[in-house]
Every structure is written in C-alpha cells, then in structure tokens.
file my_file_9.pdb (PDB, C-alpha atoms, pLDDT in the B column)
ATOM      1  CA  MET A   1       3.550  27.992  -7.206  1.00 87.00           C
ATOM      2  CA  LEU A   2       2.950  24.270  -7.523  1.00 90.00           C
ATOM      3  CA  ARG A   3      -0.534  23.621  -8.857  1.00 90.00           C
ATOM      4  CA  VAL A   4      -2.073  20.131  -8.677  1.00 91.00           C
ATOM      5  CA  VAL A   5      -5.366  19.400 -10.445  1.00 89.00           C
ATOM      6  CA  VAL A   6      -6.929  16.438  -8.655  1.00 91.00           C
ATOM      7  CA  GLU A   7      -9.228  14.825 -11.188  1.00 89.00           C
ATOM      8  CA  SER A   8     -10.597  11.448 -10.082  1.00 90.00           C
ATOM      9  CA  ALA A   9     -10.081   7.939  -8.767  1.00 90.00           C
ATOM     10  CA  LYS A  10     -11.647   4.686  -9.869  1.00 89.00           C
ATOM     11  CA  GLY A  11     -12.172   1.213  -8.536  1.00 89.00           C
ATOM     12  CA  LEU A  12     -11.778   2.161  -4.877  1.00 91.00           C
ATOM     13  CA  PRO A  13     -12.420  -0.746  -2.520  1.00 89.00           C
ATOM     14  CA  LYS A  14     -15.585  -1.129  -0.473  1.00 88.00           C
ATOM     15  CA  SER A  15     -15.306  -1.826   3.232  1.00 82.00           C
ATOM     16  CA  LYS A  16     -15.192  -5.363   4.613  1.00 78.00           C
ATOM     17  CA  LEU A  17     -18.877  -4.944   5.448  1.00 82.00           C
ATOM     18  CA  GLY A  18     -19.638  -3.980   1.832  1.00 84.00           C
ATOM     19  CA  SER A  19     -20.338  -0.290   2.391  1.00 91.00           C
ATOM     20  CA  THR A  20     -19.340   2.230  -0.273  1.00 95.00           C
ATOM     21  CA  PRO A  21     -16.568   4.673   0.735  1.00 95.00           C
ATOM     22  CA  ASP A  22     -16.882   8.447   1.075  1.00 96.00           C
ATOM     23  CA  PRO A  23     -13.510   9.242  -0.537  1.00 96.00           C
ATOM     24  CA  ILE A  24     -11.361  12.255   0.209  1.00 96.00           C
ATOM     25  CA  ALA A  25      -7.927  12.863  -1.348  1.00 95.00           C
ATOM     26  CA  ASN A  26      -4.983  14.305   0.546  1.00 96.00           C
ATOM     27  CA  ILE A  27      -2.082  15.768  -1.418  1.00 95.00           C
ATOM     28  CA  ILE A  28       1.132  16.291   0.528  1.00 96.00           C
ATOM     29  CA  PHE A  29       4.051  18.362  -0.719  1.00 94.00           C
ATOM     30  CA  LYS A  30       6.976  18.693   1.677  1.00 92.00           C
ATOM     31  CA  ASP A  31       5.306  19.358   5.046  1.00 90.00           C
ATOM     32  CA  GLU A  32       2.113  20.885   3.671  1.00 95.00           C
ATOM     33  CA  LYS A  33      -1.120  18.903   3.268  1.00 97.00           C
ATOM     34  CA  LYS A  34      -4.168  19.923   1.226  1.00 97.00           C
ATOM     35  CA  LYS A  35      -7.468  18.053   0.970  1.00 96.00           C
ATOM     36  CA  THR A  36     -10.209  17.741  -1.601  1.00 96.00           C
ATOM     37  CA  LYS A  37     -13.858  17.763  -0.726  1.00 97.00           C
ATOM     38  CA  THR A  38     -15.455  14.468   0.313  1.00 97.00           C
ATOM     39  CA  ILE A  39     -17.528  12.618  -2.286  1.00 97.00           C
ATOM     40  CA  ASP A  40     -20.370  10.657  -0.682  1.00 97.00           C
ATOM     41  CA  SER A  41     -20.804   6.917  -1.360  1.00 96.00           C
ATOM     42  CA  GLU A  42     -18.654   6.576  -4.492  1.00 95.00           C
ATOM     43  CA  VAL A  43     -16.061   4.019  -5.642  1.00 94.00           C
ATOM     44  CA  ASN A  44     -15.297   6.167  -8.734  1.00 94.00           C
ATOM     45  CA  PRO A  45     -15.132   9.731  -7.320  1.00 94.00           C
ATOM     46  CA  VAL A  46     -14.600  12.813  -9.482  1.00 94.00           C
ATOM     47  CA  TRP A  47     -13.166  15.847  -7.670  1.00 94.00           C
ATOM     48  CA  ASN A  48     -11.832  18.143 -10.418  1.00 92.00           C
ATOM     49  CA  GLU A  49     -10.228  20.377  -7.798  1.00 94.00           C
ATOM     50  CA  VAL A  50      -7.174  22.614  -7.990  1.00 93.00           C
ATOM     51  CA  LEU A  51      -4.843  22.513  -4.981  1.00 94.00           C
ATOM     52  CA  GLU A  52      -2.014  25.043  -4.852  1.00 93.00           C
ATOM     53  CA  PHE A  53       1.215  24.942  -2.877  1.00 93.00           C
ATOM     54  CA  ASP A  54       3.319  28.070  -2.397  1.00 91.00           C
ATOM     55  CA  LEU A  55       6.938  27.260  -3.204  1.00 88.00           C
ATOM     56  CA  LYS A  56       7.955  30.278  -1.066  1.00 85.00           C
ATOM     57  CA  GLY A  57      10.727  31.234  -3.448  1.00 82.00           C
ATOM     58  CA  SER A  58      12.362  27.821  -3.390  1.00 82.00           C
ATOM     59  CA  VAL A  59      12.840  25.648  -6.451  1.00 82.00           C
ATOM     60  CA  LEU A  60      11.985  22.021  -7.024  1.00 88.00           C
ATOM     61  CA  ASP A  61      14.877  19.572  -7.126  1.00 88.00           C
ATOM     62  CA  SER A  62      15.183  16.116  -8.643  1.00 88.00           C
ATOM     63  CA  SER A  63      14.114  14.481  -5.363  1.00 93.00           C
ATOM     64  CA  SER A  64      10.870  16.511  -5.080  1.00 92.00           C
ATOM     65  CA  TYR A  65       7.603  14.574  -5.026  1.00 93.00           C
ATOM     66  CA  ILE A  66       3.992  14.725  -3.934  1.00 93.00           C
ATOM     67  CA  ASP A  67       2.170  12.057  -1.962  1.00 94.00           C
ATOM     68  CA  VAL A  68      -1.411  11.191  -2.857  1.00 92.00           C
ATOM     69  CA  ILE A  69      -3.416   9.532  -0.083  1.00 94.00           C
ATOM     70  CA  VAL A  70      -7.039   8.531  -0.581  1.00 94.00           C
ATOM     71  CA  LYS A  71      -9.130   7.827   2.511  1.00 95.00           C
ATOM     72  CA  ASP A  72     -12.698   6.912   3.376  1.00 95.00           C
ATOM     73  CA  TYR A  73     -14.025   9.922   5.299  1.00 95.00           C
ATOM     74  CA  GLU A  74     -15.498   9.104   8.689  1.00 93.00           C
ATOM     75  CA  THR A  75     -17.684  11.568  10.601  1.00 89.00           C
ATOM     76  CA  ILE A  76     -16.729   9.852  13.862  1.00 91.00           C
ATOM     77  CA  GLY A  77     -13.207   8.540  14.421  1.00 91.00           C
ATOM     78  CA  GLN A  78     -10.272   8.450  12.018  1.00 94.00           C
ATOM     79  CA  ASP A  79     -10.640   8.338   8.254  1.00 94.00           C
ATOM     80  CA  LYS A  80      -9.863   4.887   6.843  1.00 93.00           C
ATOM     81  CA  PHE A  81      -6.879   4.518   4.500  1.00 93.00           C
ATOM     82  CA  LEU A  82      -7.845   3.321   0.989  1.00 92.00           C
ATOM     83  CA  GLY A  83      -4.606   3.741  -0.947  1.00 91.00           C
ATOM     84  CA  SER A  84      -1.636   5.950  -1.717  1.00 92.00           C
ATOM     85  CA  ALA A  85       0.812   6.835  -4.468  1.00 90.00           C
ATOM     86  CA  LYS A  86       3.960   8.910  -4.806  1.00 92.00           C
ATOM     87  CA  ILE A  87       4.471  11.194  -7.821  1.00 90.00           C
ATOM     88  CA  SER A  88       7.991  12.300  -8.708  1.00 90.00           C
ATOM     89  CA  LEU A  89       8.376  15.944  -9.720  1.00 90.00           C
ATOM     90  CA  LYS A  90      11.808  15.280 -11.251  1.00 88.00           C
ATOM     91  CA  ASP A  91      10.753  16.290 -14.792  1.00 85.00           C
ATOM     92  CA  LEU A  92       9.332  19.577 -13.494  1.00 86.00           C
ATOM     93  CA  ALA A  93      12.485  20.229 -11.462  1.00 84.00           C
ATOM     94  CA  THR A  94      14.788  19.686 -14.436  1.00 81.00           C
ATOM     95  CA  GLY A  95      12.654  21.902 -16.672  1.00 79.00           C
ATOM     96  CA  GLN A  96      11.960  19.104 -19.159  1.00 77.00           C
ATOM     97  CA  VAL A  97       8.248  19.836 -18.833  1.00 77.00           C
ATOM     98  CA  LYS A  98       6.117  22.668 -17.426  1.00 81.00           C
ATOM     99  CA  SER A  99       3.099  20.449 -16.803  1.00 82.00           C
ATOM    100  CA  PHE A 100       2.270  16.761 -16.889  1.00 81.00           C
ATOM    101  CA  PRO A 101      -0.749  14.522 -16.325  1.00 81.00           C
ATOM    102  CA  CYS A 102      -0.726  11.330 -14.262  1.00 82.00           C
ATOM    103  CA  LYS A 103      -3.321   8.919 -15.634  1.00 82.00           C
ATOM    104  CA  ASP A 104      -4.214   5.535 -14.134  1.00 81.00           C
ATOM    105  CA  LEU A 105      -1.690   5.924 -11.357  1.00 82.00           C
ATOM    106  CA  ALA A 106      -1.933   2.812  -9.179  1.00 85.00           C
ATOM    107  CA  LEU A 107      -3.018   3.308  -5.596  1.00 87.00           C
ATOM    108  CA  VAL A 108      -1.545   0.761  -3.212  1.00 88.00           C
ATOM    109  CA  ASN A 109      -2.635  -0.362   0.253  1.00 87.00           C
ATOM    110  CA  GLU A 110      -0.452  -0.878   3.325  1.00 86.00           C
ATOM    111  CA  LYS A 111       0.713  -4.236   1.914  1.00 86.00           C
ATOM    112  CA  GLY A 112       1.766  -2.719  -1.427  1.00 87.00           C
ATOM    113  CA  GLN A 113      -1.177  -4.275  -3.285  1.00 85.00           C
ATOM    114  CA  ALA A 114      -3.073  -2.310  -5.937  1.00 84.00           C
ATOM    115  CA  THR A 115      -6.390  -1.017  -4.597  1.00 83.00           C
ATOM    116  CA  GLY A 116      -7.590   1.241  -7.407  1.00 77.00           C
ATOM    117  CA  ALA A 117      -6.349   3.893  -9.805  1.00 73.00           C
ATOM    118  CA  TYR A 118      -5.987   7.641  -9.539  1.00 75.00           C
ATOM    119  CA  ASP A 119      -5.915  10.433 -12.128  1.00 70.00           C
ATOM    120  CA  ILE A 120      -4.289  13.806 -11.686  1.00 70.00           C
ATOM    121  CA  LYS A 121      -5.145  16.070 -14.591  1.00 69.00           C
ATOM    122  CA  GLY A 122      -2.000  18.128 -14.298  1.00 64.00           C
ATOM    123  CA  VAL A 123       0.863  19.296 -12.130  1.00 71.00           C
ATOM    124  CA  ARG A 124       2.424  22.710 -12.871  1.00 69.00           C
ATOM    125  CA  THR A 125       5.114  24.903 -11.414  1.00 60.00           C
ATOM    126  CA  ASP A 126       3.662  28.266 -12.367  1.00 53.00           C
ATOM    127  CA  THR A 127       0.424  30.180 -11.930  1.00 37.00           C
ATOM    128  CA  ASN A 128      -0.901  29.737 -15.484  1.00 40.00           C
ATOM    129  CA  SER A 129      -4.124  27.807 -15.881  1.00 37.00           C
ATOM    130  CA  LEU A 130      -3.990  24.216 -17.038  1.00 37.00           C
ATOM    131  CA  THR A 131      -5.379  23.296 -20.409  1.00 34.00           C
TER
END
call {"tool": "encode", "arguments": {"input": "my_file_9.pdb", "output": "structure tokens"}}
result
Amino acid sequence: MLRVVVESAKGLPKSKLGSTPDPIANIIFKDEKKKTKTIDSEVNPVWNEVLEFDLKGSVLDSSSYIDVIVKDYETIGQDKFLGSAKISLKDLATGQVKSFPCKDLALVNEKGQATGAYDIKGVRTDTNSLT
C-alpha cells in the first residue's frame, strides 16, 4: 500500500480576473488518479487527507514517482491548471526510508515557473499510520 498524506498548499495564484481559486489536488501514481476534496475560495488550502494506492503485490522501483497536480475546480467546464510537481519515490523503493515528508515543494505552471508551494505530510509504503 502506498499512502500519501496530502497536507496543504500555499501561495496559489488568483485568476487573471482576480478571483480566488477553489483548489483541488490530484495525486497520480502509475495510471491511478486520486483527488482531494475541493476547498472553496482559498489561496492557502489545507486538505489533511490520506489517499491510498494499492500496489497490487508489486514493488516500487527507483524510477517510481507520484505526480501532484493542483487545479482550480470549476462547476461548469474544465478545472483550471494551477501548478504541478513530481515526487520521486526512489528512497522508498531502495528501502532507505519507510516514510518521508515533502515540505515547500515548488509547484510549477505550464512554462516551468513557480506558482506556489505544496506540502505533503508523508508518503509511506505500508499500512501503518503516519506520525
């Protein structure tokens, strides 16, 4: 089991019209995507959600990673991209660590420019609770 604790983001950009985003985080591992709940009108959202991915008996390898994509939720039309980041799971795959936090991880826009920061409280490869 791969357990990801999605903590928060900060400094998310407002729209060109100045409206505050309704952020939602998508975590993608291999071909599986999980989403957090939407936080209404917040540039510094706090989710504190646990998302779990079943490894289905397979093991992580040194090329394993998760993608973090933060979007502005839209009730009509497509959600608007705010930023993304890639987190390597290499240290988990090699057994060097059982869990690790990712603090102040830079989110980047389509042009590779920093658009805010993201915190993941912990990533684990077992079913024990995070401390």
call {"tool": "resolve_selection", "arguments": {"input": "my_file_9.pdb", "expression": "the PyMOL selection byres ((chain A and resi 66-68) around 7)", "output": "list in words"}}
result
Ala25, Asn26, Ile27, Ile28, Phe29, Tyr65, Ile69, Val70, Ser84, Ala85, Lys86, Ile87 and Ser88 of chain A
call {"tool": "residues_around", "arguments": {"input": "my_file_9.pdb", "residues": "Leu105 in chain A", "least_positions_apart": "6", "cutoff": "7 Å", "atoms": "all atoms listed in the file", "output": "PDB file with C-alpha atoms, in the frame of the given file"}}
result
ATOM      1  CA  ALA A 117      -6.349   3.893  -9.805  1.00 73.00           C
ATOM      2  CA  TYR A 118      -5.987   7.641  -9.539  1.00 75.00           C
ATOM      3  CA  ASP A 119      -5.915  10.433 -12.128  1.00 70.00           C
TER       4      ASP A 119
END
call {"tool": "atom_distance", "arguments": {"input": "my_file_9.pdb", "atom1": "CA of Val97 in chain A", "atom2": "CA of Val46 in chain A"}}
result
25.7 Å
call {"tool": "atom_distance", "arguments": {"input": "my_file_9.pdb", "atom1": "CA of Ser41 in chain A", "atom2": "CA of Asp72 in chain A"}}
result
9.4 Å
call {"tool": "resolve_selection", "arguments": {"input": "my_file_9.pdb", "expression": "the PyMOL selection byres ((chain A and resi 61) around 8)", "output": "ChimeraX atom specification"}}
result
/A:59-60,62-64,89-90,93-94
call {"tool": "resolve_selection", "arguments": {"input": "my_file_9.pdb", "expression": "the PyMOL selection byres ((chain A and resi 39) around 10)", "output": "JSON, numbers by chain"}}
result
{"A": [21, 22, 23, 24, 25, 36, 37, 38, 40, 41, 42, 43, 44, 45, 46, 47, 72, 73]}
call {"tool": "atom_distance", "arguments": {"input": "my_file_9.pdb", "atom1": "CA of Ser8 in chain A", "atom2": "CA of Ile120 in chain A"}}
result
6.9 Å
call {"tool": "closest_residue", "arguments": {"input": "my_file_9.pdb", "among": "A:Ile76, A:Leu82, A:Leu17, A:Met1", "to": "Ala114 in chain A", "atoms": "only C-alpha atoms"}}
result
A:Leu82
call {"tool": "closest_residue", "arguments": {"input": "my_file_9.pdb", "among": "A:Asp79, A:Val123, A:Glu74, A:Asp31", "to": "Ser99 in chain A", "atoms": "all atoms listed in the file"}}
result
A:Val123
call {"tool": "closest_residue", "arguments": {"input": "my_file_9.pdb", "among": "A:Phe81, A:Leu92, A:Lys14, A:Gly57", "to": "Lys111 in chain A", "atoms": "only C-alpha atoms"}}
result
A:Phe81
call {"tool": "closest_residue", "arguments": {"input": "my_file_9.pdb", "among": "A:Val4, A:Glu32, A:Glu110, A:Pro101", "to": "Lys80 in chain A", "atoms": "only C-alpha atoms"}}
result
A:Glu110
call {"tool": "axis_aligned_box", "arguments": {"input": "my_file_9.pdb", "around": "range 75-92 of chain A", "padding_each_side": "3 Å", "output": "lines of an AutoDock Vina configuration file"}}
result
center_x = -2.9
center_y = 11.4
center_z = -0.2
size_x = 35.5
size_y = 22.3
size_z = 35.2
